[in-house]
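Asker: Dumping the structure here so I can ask a few things about it.
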Amino acid sequence: MTDLEILVEKDKIRDQIYNYCRALDRIDNELGYTVFADDAEVDYGPTYKGTGRGFIDMMLKQHRGMISTHHMMTNILIKFNEDGTKAASETYMYAACKYKNKKGVPTFTVEARCRDIDKWEKRDGKWVIVKRVVAGDNTFLVQGQTYTDDYNNGRDKVRDISYDFLASV
């Protein structure tokens, strides 16, 4: 791949990452489905393990009961295999989800800071996630500062799965 081709393909993957955020925040199941391959496997730690489509359905069902959600992706690192048909990425994700009680009054916000570690394939001219592992590096409940345990992560290249994913292409 030429440098220009690499830039174009990286931008297409970034668009898919941003489509994922938009699907979650706008509660758009159909858009969310387009980010994952039909046979995608995902591991969101204690939240969900299964298919990409199954995750979208489960998460958006939860989001419908919230006041608002806000997802942002940063520090996107993308690597390609030699022929440009496969890629791996690591993306830092920040989400804030505002919950309400039965009367519709805001009660608390959950903030999630984690990393999406993805394997991508270009299928029918479009980049889709075929495998996702989420590293829950820093997720907590804002009210009361109740922290969850970390999962699928490591603080060094020996234990962190992102190194395996990025080296595999």
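Residues in the structure tokens are named by chain (A, B, ... in the order shown) and by number from 1 within that chain; ligands are numbered from 1 in the order shown.
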Mind the document's chain letters and residue numbers, and return as an MDAnalysis selection string the residues of segment 35-163 of chain A that DSSP labels helix (DSSP H, G or I).
Answerer: chainID A and resid 35 52:63 143:145 161:163
Asker: Show me, as a PDB file with N, CA and C atoms, in the first residue's frame, the residues that have an atom within 10 Å of Tyr92 of chain A when counting only C-alpha atoms, minus same-chain residues fewer than 3 positions from it.
Answerer:
ATOM      1  N   MET A  72     -16.960   9.188  23.144  1.00  0.00           N
ATOM      2  CA  MET A  72     -15.879   9.830  22.398  1.00  0.00           C
ATOM      3  C   MET A  72     -14.750   8.827  22.224  1.00  0.00           C
ATOM      4  N   MET A  73     -14.121   8.856  21.065  1.00  0.00           N
ATOM      5  CA  MET A  73     -12.992   7.990  20.761  1.00  0.00           C
ATOM      6  C   MET A  73     -11.769   8.850  20.471  1.00  0.00           C
ATOM      7  N   THR A  74     -10.631   8.457  21.039  1.00  0.00           N
ATOM      8  CA  THR A  74      -9.388   9.204  20.844  1.00  0.00           C
ATOM      9  C   THR A  74      -8.221   8.228  20.728  1.00  0.00           C
ATOM     10  N   ASN A  75      -7.034   8.789  20.489  1.00  0.00           N
ATOM     11  CA  ASN A  75      -5.783   8.023  20.443  1.00  0.00           C
ATOM     12  C   ASN A  75      -5.932   6.765  19.592  1.00  0.00           C
ATOM     13  N   ILE A  76      -6.455   6.928  18.392  1.00  0.00           N
ATOM     14  CA  ILE A  76      -6.726   5.793  17.516  1.00  0.00           C
ATOM     15  C   ILE A  76      -5.435   5.390  16.800  1.00  0.00           C
ATOM     16  N   LEU A  77      -4.994   4.170  17.081  1.00  0.00           N
ATOM     17  CA  LEU A  77      -3.808   3.597  16.449  1.00  0.00           C
ATOM     18  C   LEU A  77      -4.269   2.468  15.543  1.00  0.00           C
ATOM     19  N   ARG A 113     -14.124   4.641  30.934  1.00  0.00           N
ATOM     20  CA  ARG A 113     -12.905   4.965  30.188  1.00  0.00           C
ATOM     21  C   ARG A 113     -12.228   3.631  29.934  1.00  0.00           C
ATOM     22  N   CYS A 114     -12.163   3.257  28.696  1.00  0.00           N
ATOM     23  CA  CYS A 114     -11.592   1.953  28.373  1.00  0.00           C
ATOM     24  C   CYS A 114     -10.929   2.028  27.009  1.00  0.00           C
ATOM     25  N   ARG A 115     -10.440   0.894  26.553  1.00  0.00           N
ATOM     26  CA  ARG A 115      -9.837   0.816  25.226  1.00  0.00           C
ATOM     27  C   ARG A 115     -10.538  -0.270  24.426  1.00  0.00           C
ATOM     28  N   ASP A 116     -10.909   0.059  23.195  1.00  0.00           N
ATOM     29  CA  ASP A 116     -11.456  -0.912  22.261  1.00  0.00           C
ATOM     30  C   ASP A 116     -10.288  -1.427  21.427  1.00  0.00           C
ATOM     31  N   ILE A 117     -10.041  -2.710  21.505  1.00  0.00           N
ATOM     32  CA  ILE A 117      -8.951  -3.332  20.764  1.00  0.00           C
ATOM     33  C   ILE A 117      -9.602  -4.225  19.711  1.00  0.00           C
ATOM     34  N   VAL A 134     -12.500  -5.406  24.791  1.00  0.00           N
ATOM     35  CA  VAL A 134     -12.500  -4.123  25.482  1.00  0.00           C
ATOM     36  C   VAL A 134     -11.695  -4.263  26.766  1.00  0.00           C
ATOM     37  N   ALA A 135     -10.740  -3.375  26.933  1.00  0.00           N
ATOM     38  CA  ALA A 135      -9.942  -3.342  28.150  1.00  0.00           C
ATOM     39  C   ALA A 135     -10.539  -2.277  29.068  1.00  0.00           C
ATOM     40  N   ASP A 137     -10.030  -0.256  31.615  1.00  0.00           N
ATOM     41  CA  ASP A 137      -8.950   0.296  32.421  1.00  0.00           C
ATOM     42  C   ASP A 137      -9.419   1.212  33.542  1.00  0.00           C
TER      43      ASP A 137
END
Asker: Figure out the distance between atom CA of Phe165 of chain A and atom CA of Asp15 of chain A, please, to one decimal in Å.
Answerer: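 Answer for the atom CA of Asp15 of chain A to atom CA of Phe165 of chain A separation: 20.0 Å.
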Asker: When DSSP is applied to the backbone of this structure, which of segment 13-159 of chain A are assigned strand (DSSP E)? Write them out as a ChimeraX atom specification.
Answerer: /A:36-43,49-51,66-80,86-100,106-123,126-141,146-147
Asker: Considering only C-alpha atoms, state which residue in the set A:Lys98, A:Lys86, A:Lys49, A:Lys103 is at the smallest distance from Ser68 of chain A.
Answerer: A:Lys98
Asker: Give me, please, the distance in Å between atom CA of Val35 of chain A and atom CA of Ala23 of chain A, quoted to one decimal.
Answerer: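 These atoms are spaced 9.3 Å apart.
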Asker: Select, from A:Ile56, A:Leu31, A:Ile13, A:Cys21, the residue with the minimum atom-to-atom distance to Lys119 of chain A, counting only C-alpha atoms.
Answerer: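 Closest to Lys119 of chain A of all the choices is A:Ile13.
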Asker: When you look at Gln62 of chain A with a cut-off of 12 Å (counting only C-alpha atoms), what residues show up, excluding the ones that are within fewer than 4 positions of it in the same chain? I need them as a PyMOL selection string.
Answerer: chain A and resi 24-25+27+47+55-58+66-69+97-100
Asker: Can you pull out every residue within 12 Å of Tyr48 of chain A, counting only C-alpha atoms, but drop anything in the same chain fewer than 3 positions away, and send it as a list in words?
Answerer: Glu41, Val42, Asp43, Tyr44, Gly45, Thr51, Gly52, Arg53, Gly54, Phe55, Ile56, Asp57, Met58, Met59, Arg132, Val133 and Val134 of chain A
Asker: Select, from A:Asn138, A:Asn101, A:Asn19, A:Thr91, the residue with the minimum atom-to-atom distance to Lys79 of chain A, counting only C-alpha atoms.
Answerer: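 Result for the nearest residue to Lys79 of chain A: A:Thr91.
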Asker: Please measure the separation of atom CA of Thr34 of chain A and atom CA of Thr109 of chain A, giving the value in Å to one decimal.
Answerer: 28.0 Å
Asker: What's around Asp83 of chain A at 12 Å? Count only C-alpha atoms, leave out sequence neighbours fewer than 2 positions away in its own chain, and write the answer as a PDB file with C-alpha atoms, in the first residue's frame.
Answerer:
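In the end it all went to selection-v4.pdb:
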ATOM      1  CA  MET A   1       0.000   0.000   0.000  1.00  0.00           C
ATOM      2  CA  THR A   2       1.178   3.513  -0.749  1.00  0.00           C
ATOM      3  CA  GLU A   5      -3.736   4.465   0.320  1.00  0.00           C
ATOM      4  CA  ILE A   6      -2.869   3.847   3.972  1.00  0.00           C
ATOM      5  CA  GLU A   9      -8.028   3.282   4.536  1.00  0.00           C
ATOM      6  CA  LYS A  79      -1.985  -1.043  11.685  1.00  0.00           C
ATOM      7  CA  PHE A  80      -2.508  -2.976   8.425  1.00  0.00           C
ATOM      8  CA  ASN A  81      -1.308  -6.322   7.126  1.00  0.00           C
ATOM      9  CA  THR A  85      -7.103  -6.449   3.661  1.00  0.00           C
ATOM     10  CA  LYS A  86      -6.835  -6.749   7.444  1.00  0.00           C
ATOM     11  CA  ALA A  87      -6.102  -4.289  10.194  1.00  0.00           C
ATOM     12  CA  GLU A 121     -11.343  -7.010   7.763  1.00  0.00           C
ATOM     13  CA  LYS A 122     -12.277  -5.334   4.530  1.00  0.00           C
ATOM     14  CA  VAL A 169      -1.417  -7.878  10.901  1.00  0.00           C
TER      15      VAL A 169
END
Asker: Go through A:Tyr163, A:Gly84, A:His71, A:Lys102 one by one, measure the shortest atom-to-atom distance of each to Asp3 of chain A using only C-alpha atoms, and give the residue with the smallest value.
Answerer: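 The shortest atom-to-atom distance to Asp3 of chain A comes from A:Gly84.
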